[in-house]
Protein chains: 2
Amino acid sequence: MAKAEYSVLGTSIPRMGGVERVAGAGIYGIDLVLPDAVRGGVLRSQYAHATIKSIDTSEAESLPGVYAVVTAEDAPDVKYGRTSNDRYMLARGKVRYMGDPVAAVAADSEATLKKALKKIKVEYEPLPVVLDAEAAMKADAPALHEEIPLPANLPKDTRVKNVCGYSTLHVGDPDRAMAEADLVVEETYETKMVHPQYLEPRIAATRHEADGRLTVWVNAQAPFGVRSEVSKLLKIPISGIRVLVTEIGGGFGGKATGTHSSAGLEPICALLAIKAKKPVMMVLDKAEETVSTTVRAPVKVWIQTGVNKDGTIVARKAKLIFDAGAYSGFGALAGSRCTQMLAGWYRTPNAHVDGYIVYTNKQVCGPVRGPGGPQAAFPVESHMDSIAAKLGMDPVEFRLKNIPKPGERIAGVPKLRDVSLGETIRVAAEKIGWGKVKLEKNQGVGIATGSWIEGSGPGGGAVVKINEDGTAAVLIGKVDYGTAPRFGIPMIVAEELGIPTDDVTVLNVDTDASPWDAGTVGSRSTLVAGNAARLAAIDARNQLLRMAAKQLEASSDDLEIKDRQIRVKGTPVKALALAAVATAAHNEIGEVIGRGYFDSKAVEAEEKEKGSSPPFTSHAAIVEVDPDTGNVKILKYVAVHDVGFVIHPQAVEGQIEGATAMSIGQALCEQVLFDDKGKTLNPTFVDYLMPTWNMIPKIETVLIKGYPGAGPYGTKGAGEIGCVPPPAAIANAICNAVGVRLTSLPLSPENVLRAIREQKGVEP
Amino acid sequence: MAKAEYSVLGTSIPRMGGVERVAGAGIYGIDLVLPDAVRGGVLRSQYAHATIKSIDTSEAESLPGVYAVVTAEDAPDVKYGRTSNDRYMLARGKVRYMGDPVAAVAADSEATLKKALKKIKVEYEPLPVVLDAEAAMKADAPALHEEIPLPANLPKDTRVKNVCGYSTLHVGDPDRAMAEADLVVEETYETKMVHPQYLEPRIAATRHEADGRLTVWVNAQAPFGVRSEVSKLLKIPISGIRVLVTEIGGGFGGKATGTHSSAGLEPICALLAIKAKKPVMMVLDKAEETVSTTVRAPVKVWIQTGVNKDGTIVARKAKLIFDAGAYSGFGALAGSRCTQMLAGWYRTPNAHVDGYIVYTNKQVCGPVRGPGGPQAAFPVESHMDSIAAKLGMDPVEFRLKNIPKPGERIAGVPKLRDVSLGETIRVAAEKIGWGKVKLEKNQGVGIATGSWIEGSGPGGGAVVKINEDGTAAVLIGKVDYGTAPRFGIPMIVAEELGIPTDDVTVLNVDTDASPWDAGTVGSRSTLVAGNAARLAAIDARNQLLRMAAKQLEASSDDLEIKDRQIRVKGTPVKALALAAVATAAHNEIGEVIGRGYFDSKAVEAEEKEKGSSPPFTSHAAIVEVDPDTGNVKILKYVAVHDVGFVIHPQAVEGQIEGATAMSIGQALCEQVLFDDKGKTLNPTFVDYLMPTWNMIPKIETVLIKGYPGAGPYGTKGAGEIGCVPPPAAIANAICNAVGVRLTSLPLSPENVLRAIREQKGVEP
């Protein structure tokens, strides 16, 4: 849509509160000061798998300066988890990964805390450890959760172990189609565990208020999830808990605490605060953050595709082994999304995919930016190039040949309304100079596409209050961590109320005041809070216009709000100051309070009928491979996206660049490494290799016109999809450069070099 | 209304958060801890009237540990005030009472602060001081506000000075009626200045947030008023200010800061915080509190009434001189209410009252519990006894003779719908044993009545959020200081939602989140917030019932919420847990958000048409007077009230007992004393005599059935009216005991003794 239609939307205004972030003045988790607070900390298992024979806290408790020591015995016997309740806030009887919380301490200082944690005597009986998901499925593997039954939807005859989730997809007659295909291509792929690696460590602080209520401070993405988790695990009614949010220094899904098996710090902190009868503050250090919090799960994929000579895809079969870690956590959800995506986002009339989500003695899988996305797109889009090669077809041509049409289905999208996939491919090919650009020796070009299933999810509300001077205050449930609450939301409210964005304030979440929300996850901030805030602003506007109509002796339908004035359309002389109307409200209803809901169910129903327009993307890269070192340098990178209507171009580009850079990290170097006992070998930034600017190219982001999404004014989620194509785009470029097909991440120098040498028949 | 109709309403449940108040654990103003905050303090004028020739802050500024020194020069040149803008946040050019703020300091400690305040050199040129309002009206009196014109509504030929407000009332033909009356009685009365004397000192704390917004903490009754005052005086948009409220240790109107000329601490604190670039906290000590904050104004009244032999009142004439203090403040409002009430709440077909609100060099008049009420009722109801005596009529009989009828008007009430005045008199007479009780020598019985003009005023809104476990969170703009927010509001919401009161939380005011409100003043908490919260709860209930209706395959009209269940009326087996419906909302609209408004204008219009039912009261007392010391002991005290429907009997009785005790204090002993230079002689609890329990009798409170008011379920305001009758009831009892009519408060031993001696012709 043309910016001209709007006064605020479509412009890249400065981010609300951006200055103090840059100035370092924002109150982040660790900046929080609670008067009279003591320090809390967690004792974590040093075994990846063991039985707890006994825990002796007496010595720790007797230490001067120790206010409380807690174990599972101090907490209600309640399990939690998103897909299945398989986890305790503090381990009971057993530990299942090296980092499992066993006990916790509240003490007067960091020093006393560390001393006390050391003095807690835990007697373990070690159990065999299984770190590989495929191995964990075997009959002879150690069982992590004896008491948890296999997934109910698992076919009866399946003989597997440690499977906590099963996801499957079946379309048409894949067996027959595969048998009749002109060509069948079969490959296996693998991705590794990566950590979201936000820079700010997680904190939790709790004060047990005198009236019996708990106040919990978090730097988490889902404060209402924290509230429900604390409520469930400590058996306190929701009304007994208030959660407040600090500024958040990055999360990428990793801080979506409480929405699933998580770091689970807050219930422990609350338990300590209650027992210590003092406010308690907990701060994780980097190493503890890495080993105890949630990660992007590693996967193994077997993928098989049948095509006809002309390049038409006729069948797809795939199998996924998804490593959930020690607890089901978010694994089943990310795993099922990954399963869906393995059927691809091309026309695939016949398909069968099996996804097994498996327990291992490693830390737990959580939602990380585009959960399951890169793990599916790396196999699918590398595989597309392999097929094209075998067909002797150009990869771009082959992809364009299989673009689905409106009305058709792709995995996760029952009915397509619009399909911009082809356009993103054409634009990406053009921008990268596909078939034109002159490539030197060891240079190659690659392309990969992606989509993101926004799917259905929770709804949310918004409240907009009009101050007596015509400025506005907004309540939404989405926390701000560089996303919509400080970009899109104030712009939307300003647009609908005809005031400058500076006149709008958005309260960061206070669960006592803010509308409930599922958390700032799933690229849904603008979809949920944006739609709700827009309707709340319109509701407020209509109330204001009705009030003004009397004084202006006009019908409210003939009125508009522009430049802080309520005017008769076309007759701007007949106008009232917005402030005057807002002030007059004091003696009537007090203040105009607008309310709006994003009704997720209603949108779902509409999309079911009319179809939906998912976001599509194509990334293209030119790389140069050093055949002697295996080092990969990205020379040029293009990211083409259809994200529907763009409210704040800079913010959207920032999201896409951030997601792309994050995914390039997974593609080229990132990986959490374990020894055979399940000990994390690289928990800090010293030893966990993240991409630095010398590895990240200038990312040329192109937002094509595309089609309207379900968001306000037609926006689509843009925070995660940028993570989907990079690994495959780079792998395809490497293959184009040096002719080797890498099927395992990361595309690190050693792996690339090994592949080159294997290809040459040289001993690796 | 019978309690039976309701499950929660009408019961005296424990007050929300009452326990921690009693345990002293609530966070009151002075308990507030702001990390890194410095201490702020005010330099106040030591002259009651003077020109400021110069202010030298250089020495104070150079003192180590001083972060900021501010004078009027540091603030925008903006005046404030409720009726007329006649006041600066810091004095400019002139000081008008001994306590006028001249400069302020922010320093690292209380000691440095005191030292710095001493080092500010202010050069004054003293001006003549006028402390008596009648004297201030004379031509030769010093002018306090040369630049402020006389009130526009003042009759042209009136030759007065220093008058900041004029209020008048005229009905029928009082001159003629007075001339034709069988008997005309004329008297003069006087009341003194009293201070509300809440126990907790006032605080203000401000932090200038990194994003440019100001956060202001107050223990004030009107946080939105504080927000608008800071906004106006510092020229910051409303959206740039957030006000948060601590627990409040009493206010009685004295802490209604910001709704009018007030202690005005917050703008000074904000100015200091901005200049100091540090959070600033200010706490007043008791003496500073007494001299610098707002008080109940002293009045002089001339009152004349014409009656016929049969005791019918035919005419009333009165003149009021109302002492507003150095600035108009709330004076004109309290004065006009006092003027209205001087016409009485009996049938008075012909009346004329003139009220002059006058500047003097004393501290400023504010709203104190029933502003203007006791000052009017003491003359009116003493006068009623004087007339009865002259008529040789029984005071009760005389009052009953003049009860207005439904449809008639009384001052402040254009049209009466119901009149319970007579019933309160009859019940009070019966309870005190009127005409029956055997009185010893020097014992006497007295009665006095009262009404309270609730009048029209601002409206307000409420928001009710339904948590996933069926508990509820409420947002209202009324602060809690022992009033509705912790009593009536949760009960109303619980009643409408069919849940226990414990399931309801009410957020104390956060101006970023709470609906705007005029302040917890005017006995309007339940009227405004109660009506709004009720409608918000009903709105939420209706949304929940619509959701449940689908699942229960019933019409939502046939559903009810009882015991945390949504049931088909009459078929309780067909039921859903409220929690289940509330949780299901997550995937639809997120959460049910109910909204309700109290539309003040609409209620006003309805009352104008159908008439209104004001609260009426009669108090009766039996006293014993010691003729040798003049000491008055109250032997028995009865307070009979029609407050409409009673939501929480104990809370209402508590309000009435508190108001009565407060008024007994004004009646018997309280008074702010000044020397001839305008210096307060008794600023502390050591020298300001307040009643102790040996002076306060057991107050027998009787709530008669009465008539429904405009509040939810028919409640009427009950927080202030108890202050109206006591002084007259006691004065009448004294007169009945020893035959002397005291026309001036307090009814202290020395005043009573003097009156007795004068009567006996003994030299006083």
# chains A, B, ... in the order shown; residues from 1 in each chain; ligands from 1
call {"tool": "select_by_dssp", "arguments": {"residues": "stretch 238-427 of chain A", "states": "helix (DSSP H, G or I)", "output": "PyMOL selection string"}}
result
chain A and resi 238-240+265-276+286-292+331-341+373-391+395-401+421-427
call {"tool": "select_by_dssp", "arguments": {"residues": "stretch 310-469 of chain B", "states": "strand (DSSP E)", "output": "JSON, numbers by chain"}}
result
{"B": [313, 314, 315, 316, 317, 318, 319, 320, 321, 322, 323, 324, 325, 351, 352, 353, 354, 355, 356, 357, 358, 359, 443, 444, 445, 446, 447, 448, 449, 450, 451, 460, 461, 462, 463, 464, 465, 466]}
call {"tool": "write_last_selection", "arguments": {"atoms": "N, CA, C and O atoms", "output": "compact mmCIF listing (two decimals), in the first residue's frame"}}
result
# COMPACT_ATOMS: atom_id res chain seq x y z
N ILE B 313 -41.04 27.88 59.08
CA ILE B 313 -40.00 28.78 58.59
C ILE B 313 -40.50 29.48 57.34
O ILE B 313 -40.97 28.83 56.39
N VAL B 314 -40.44 30.82 57.31
CA VAL B 314 -40.93 31.55 56.13
C VAL B 314 -39.78 32.24 55.39
O VAL B 314 -39.88 32.49 54.19
N ALA B 315 -38.69 32.56 56.10
CA ALA B 315 -37.60 33.25 55.42
C ALA B 315 -36.26 33.02 56.12
O ALA B 315 -36.20 32.82 57.32
N ARG B 316 -35.23 33.03 55.32
CA ARG B 316 -33.87 32.90 55.83
C ARG B 316 -32.98 33.89 55.12
O ARG B 316 -33.02 34.03 53.89
N LYS B 317 -32.20 34.64 55.90
CA LYS B 317 -31.18 35.49 55.34
C LYS B 317 -29.88 35.16 56.04
O LYS B 317 -29.87 34.89 57.25
N ALA B 318 -28.81 35.16 55.29
CA ALA B 318 -27.52 34.86 55.92
C ALA B 318 -26.39 35.49 55.14
O ALA B 318 -26.52 35.81 53.96
N LYS B 319 -25.28 35.70 55.87
CA LYS B 319 -24.09 36.23 55.24
C LYS B 319 -22.90 35.42 55.74
O LYS B 319 -22.81 35.13 56.94
N LEU B 320 -22.04 35.05 54.83
CA LEU B 320 -20.89 34.22 55.17
C LEU B 320 -19.60 34.94 54.80
O LEU B 320 -19.49 35.49 53.70
N ILE B 321 -18.69 34.97 55.74
CA ILE B 321 -17.33 35.42 55.40
C ILE B 321 -16.42 34.21 55.58
O ILE B 321 -16.24 33.69 56.69
N PHE B 322 -15.92 33.73 54.46
CA PHE B 322 -15.17 32.46 54.40
C PHE B 322 -13.70 32.77 54.15
O PHE B 322 -13.34 33.38 53.15
N ASP B 323 -12.85 32.34 55.07
CA ASP B 323 -11.43 32.67 55.03
C ASP B 323 -10.66 31.66 54.17
O ASP B 323 -10.40 30.53 54.60
N ALA B 324 -10.31 32.08 52.95
CA ALA B 324 -9.66 31.14 52.00
C ALA B 324 -8.18 30.98 52.27
O ALA B 324 -7.55 30.03 51.80
N GLY B 325 -7.61 31.92 53.01
CA GLY B 325 -6.16 31.90 53.19
C GLY B 325 -5.47 32.65 52.06
O GLY B 325 -6.11 33.42 51.33
N ALA B 351 -35.41 32.80 50.66
CA ALA B 351 -34.07 32.83 51.25
C ALA B 351 -33.13 33.69 50.43
O ALA B 351 -33.26 33.81 49.21
N HIS B 352 -32.21 34.31 51.13
CA HIS B 352 -31.11 35.00 50.47
C HIS B 352 -29.83 34.83 51.29
O HIS B 352 -29.82 35.10 52.48
N VAL B 353 -28.80 34.32 50.65
CA VAL B 353 -27.52 34.14 51.32
C VAL B 353 -26.41 34.74 50.45
O VAL B 353 -26.40 34.56 49.24
N ASP B 354 -25.51 35.48 51.10
CA ASP B 354 -24.32 35.99 50.42
C ASP B 354 -23.10 35.36 51.04
O ASP B 354 -22.95 35.37 52.26
N GLY B 355 -22.25 34.82 50.19
CA GLY B 355 -21.01 34.22 50.68
C GLY B 355 -19.81 34.92 50.09
O GLY B 355 -19.69 35.03 48.86
N TYR B 356 -18.94 35.45 50.94
CA TYR B 356 -17.72 36.11 50.48
C TYR B 356 -16.52 35.24 50.84
O TYR B 356 -16.33 34.93 52.02
N ILE B 357 -15.78 34.83 49.85
CA ILE B 357 -14.58 34.02 50.09
C ILE B 357 -13.38 34.97 49.99
O ILE B 357 -13.19 35.62 48.97
N VAL B 358 -12.61 35.04 51.08
CA VAL B 358 -11.67 36.15 51.25
C VAL B 358 -10.23 35.67 51.46
O VAL B 358 -9.98 34.69 52.17
N TYR B 359 -9.31 36.41 50.83
CA TYR B 359 -7.88 36.16 51.02
C TYR B 359 -7.42 36.68 52.38
O TYR B 359 -7.80 37.78 52.78
N GLN B 443 -26.60 18.27 83.08
CA GLN B 443 -26.65 17.37 81.93
C GLN B 443 -27.68 17.91 80.94
O GLN B 443 -28.65 18.55 81.33
N GLY B 444 -27.44 17.69 79.67
CA GLY B 444 -28.38 18.16 78.67
C GLY B 444 -28.38 17.26 77.44
O GLY B 444 -27.42 16.53 77.19
N VAL B 445 -29.45 17.33 76.70
CA VAL B 445 -29.56 16.55 75.47
C VAL B 445 -29.68 17.51 74.30
O VAL B 445 -30.26 18.59 74.43
N GLY B 446 -29.07 17.15 73.20
CA GLY B 446 -29.14 18.01 72.02
C GLY B 446 -29.23 17.18 70.76
O GLY B 446 -28.79 16.03 70.71
N ILE B 447 -29.83 17.78 69.76
CA ILE B 447 -29.94 17.10 68.46
C ILE B 447 -29.54 18.08 67.36
O ILE B 447 -29.67 19.30 67.52
N ALA B 448 -28.99 17.55 66.31
CA ALA B 448 -28.70 18.37 65.13
C ALA B 448 -28.78 17.47 63.91
O ALA B 448 -28.48 16.26 63.98
N THR B 449 -29.19 18.04 62.80
CA THR B 449 -29.33 17.25 61.58
C THR B 449 -28.32 17.71 60.55
O THR B 449 -27.58 18.67 60.75
N GLY B 450 -28.32 17.00 59.46
CA GLY B 450 -27.41 17.38 58.40
C GLY B 450 -27.79 16.70 57.09
O GLY B 450 -28.52 15.71 57.07
N SER B 451 -27.27 17.28 56.03
CA SER B 451 -27.40 16.65 54.73
C SER B 451 -26.06 16.85 54.04
O SER B 451 -25.17 17.52 54.57
N GLY B 460 -16.05 8.49 35.66
CA GLY B 460 -14.86 7.64 35.69
C GLY B 460 -15.15 6.28 35.09
O GLY B 460 -16.31 5.91 34.91
N GLY B 461 -14.09 5.57 34.78
CA GLY B 461 -14.23 4.26 34.15
C GLY B 461 -13.61 3.17 34.98
O GLY B 461 -12.97 3.42 36.00
N ALA B 462 -13.83 1.94 34.54
CA ALA B 462 -13.22 0.77 35.19
C ALA B 462 -13.00 -0.31 34.14
O ALA B 462 -13.71 -0.37 33.14
N VAL B 463 -11.98 -1.12 34.39
CA VAL B 463 -11.67 -2.25 33.53
C VAL B 463 -11.56 -3.49 34.41
O VAL B 463 -10.97 -3.43 35.49
N VAL B 464 -12.18 -4.57 33.97
CA VAL B 464 -12.13 -5.84 34.71
C VAL B 464 -11.59 -6.92 33.78
O VAL B 464 -12.18 -7.19 32.73
N LYS B 465 -10.45 -7.50 34.14
CA LYS B 465 -9.84 -8.57 33.33
C LYS B 465 -10.10 -9.91 34.02
O LYS B 465 -9.93 -10.04 35.23
N ILE B 466 -10.48 -10.89 33.23
CA ILE B 466 -10.76 -12.22 33.79
C ILE B 466 -9.55 -13.14 33.56
O ILE B 466 -9.23 -13.48 32.42
call {"tool": "interface_residues", "arguments": {"of": "chain B", "to": "chain A", "cutoff": "6 Å", "atoms": "only C-alpha atoms", "output": "MDAnalysis selection string"}}
result
chainID B and resid 17 20 25 210:211 239 458:460 471 516 586:591 597:601
call {"tool": "write_last_selection", "arguments": {"atoms": "C-alpha atoms", "output": "PDB file, in the first residue's frame"}}
result
ATOM      1  CA  GLY B  17      -4.818  -5.958  52.463  1.00  0.00           C
ATOM      2  CA  GLU B  20      -0.481  -5.860  56.295  1.00  0.00           C
ATOM      3  CA  ALA B  25       4.023  -3.915  56.407  1.00  0.00           C
ATOM      4  CA  ALA B 210      16.089   7.942  30.634  1.00  0.00           C
ATOM      5  CA  ASP B 211      13.446   8.096  27.932  1.00  0.00           C
ATOM      6  CA  SER B 239       1.956  11.434  28.241  1.00  0.00           C
ATOM      7  CA  PRO B 458     -16.521  14.065  37.188  1.00  0.00           C
ATOM      8  CA  GLY B 459     -17.227  10.548  35.958  1.00  0.00           C
ATOM      9  CA  GLY B 460     -14.860   7.641  35.687  1.00  0.00           C
ATOM     10  CA  THR B 471     -10.061 -14.835  39.214  1.00  0.00           C
ATOM     11  CA  TRP B 516      -8.605   8.592  34.755  1.00  0.00           C
ATOM     12  CA  HIS B 586      -6.873 -17.495  25.312  1.00  0.00           C
ATOM     13  CA  ASN B 587      -7.295 -18.978  21.855  1.00  0.00           C
ATOM     14  CA  GLU B 588     -10.048 -16.562  20.894  1.00  0.00           C
ATOM     15  CA  ILE B 589      -9.708 -12.992  22.164  1.00  0.00           C
ATOM     16  CA  GLY B 590      -6.898 -13.717  24.623  1.00  0.00           C
ATOM     17  CA  GLU B 591      -8.758 -12.666  27.716  1.00  0.00           C
ATOM     18  CA  TYR B 597     -18.165   3.933  32.751  1.00  0.00           C
ATOM     19  CA  PHE B 598     -19.937   6.013  35.360  1.00  0.00           C
ATOM     20  CA  ASP B 599     -21.509   8.676  33.176  1.00  0.00           C
ATOM     21  CA  SER B 600     -21.878  11.609  35.555  1.00  0.00           C
ATOM     22  CA  LYS B 601     -23.698  13.801  33.038  1.00  0.00           C
TER      23      LYS B 601
END
call {"tool": "residues_around", "arguments": {"residues": "A:Pro267", "least_positions_apart": "5", "cutoff": "9 Å", "atoms": "only C-alpha atoms", "output": "VMD selection string"}}
result
chain A and resid 89 226 229 to 231 233 to 234 272
call {"tool": "write_last_selection", "arguments": {"atoms": "C-alpha atoms", "output": "mmCIF file, in the first residue's frame"}}
result
data_model
loop_
_atom_site.group_PDB
_atom_site.id
_atom_site.type_symbol
_atom_site.label_atom_id
_atom_site.label_comp_id
_atom_site.auth_asym_id
_atom_site.auth_seq_id
_atom_site.Cartn_x
_atom_site.Cartn_y
_atom_site.Cartn_z
ATOM 1 C CA MET A 89 10.920 -27.246 39.028
ATOM 2 C CA VAL A 226 5.613 -16.955 33.902
ATOM 3 C CA GLU A 229 3.913 -21.389 35.582
ATOM 4 C CA VAL A 230 4.481 -19.942 39.068
ATOM 5 C CA SER A 231 0.777 -20.348 39.802
ATOM 6 C CA LEU A 233 4.077 -25.037 40.368
ATOM 7 C CA LEU A 234 3.508 -23.270 43.680
ATOM 8 C CA LEU A 272 13.149 -19.075 47.832
#
call {"tool": "residues_around", "arguments": {"residues": "A:Ile622", "least_positions_apart": "4", "cutoff": "10 Å", "atoms": "only C-alpha atoms", "output": "list in words"}}
result
Ile432, Gly433, Trp434, Val437, Leu439, Gln443, Gly444, Val445, Gly446, Ile447, Lys633, Ile634, Leu635, Lys636, Tyr637, Val638, Ala729, Ile730, Asn732, Ala733, Ile734, Asn736 and Ala737 of chain A
call {"tool": "atom_distance", "arguments": {"atom1": "atom CA of A:Ala141", "atom2": "atom CA of A:Thr290"}}
result
26.1 Å
call {"tool": "residues_around", "arguments": {"residues": "stretch 646-661 of chain B", "least_positions_apart": "6", "cutoff": "6 Å", "atoms": "only C-alpha atoms", "output": "PyMOL selection string"}}
result
chain B and resi 9-12+719+722-723
call {"tool": "closest_residue", "arguments": {"among": "B:Phe645, B:Tyr6, B:Phe616, B:Tyr47", "to": "B:Ala428", "atoms": "only C-alpha atoms"}}
result
B:Phe616
call {"tool": "residues_around", "arguments": {"residues": "B:Val8", "least_positions_apart": "2", "cutoff": "12 Å", "atoms": "only C-alpha atoms", "output": "ChimeraX atom specification"}}
result
/B:2-6,10-14,487-502,562-563,646-649
call {"tool": "closest_residue", "arguments": {"among": "B:Phe252, B:Trp452, B:Trp217, B:Tyr124", "to": "B:Gly344", "atoms": "only C-alpha atoms"}}
result
B:Trp452
call {"tool": "residues_around", "arguments": {"residues": "A:Met547", "least_positions_apart": "4", "cutoff": "12 Å", "atoms": "only C-alpha atoms", "output": "ChimeraX atom specification"}}
result
/A:540-543,551-557,559,566,576,578,580-589,591-592
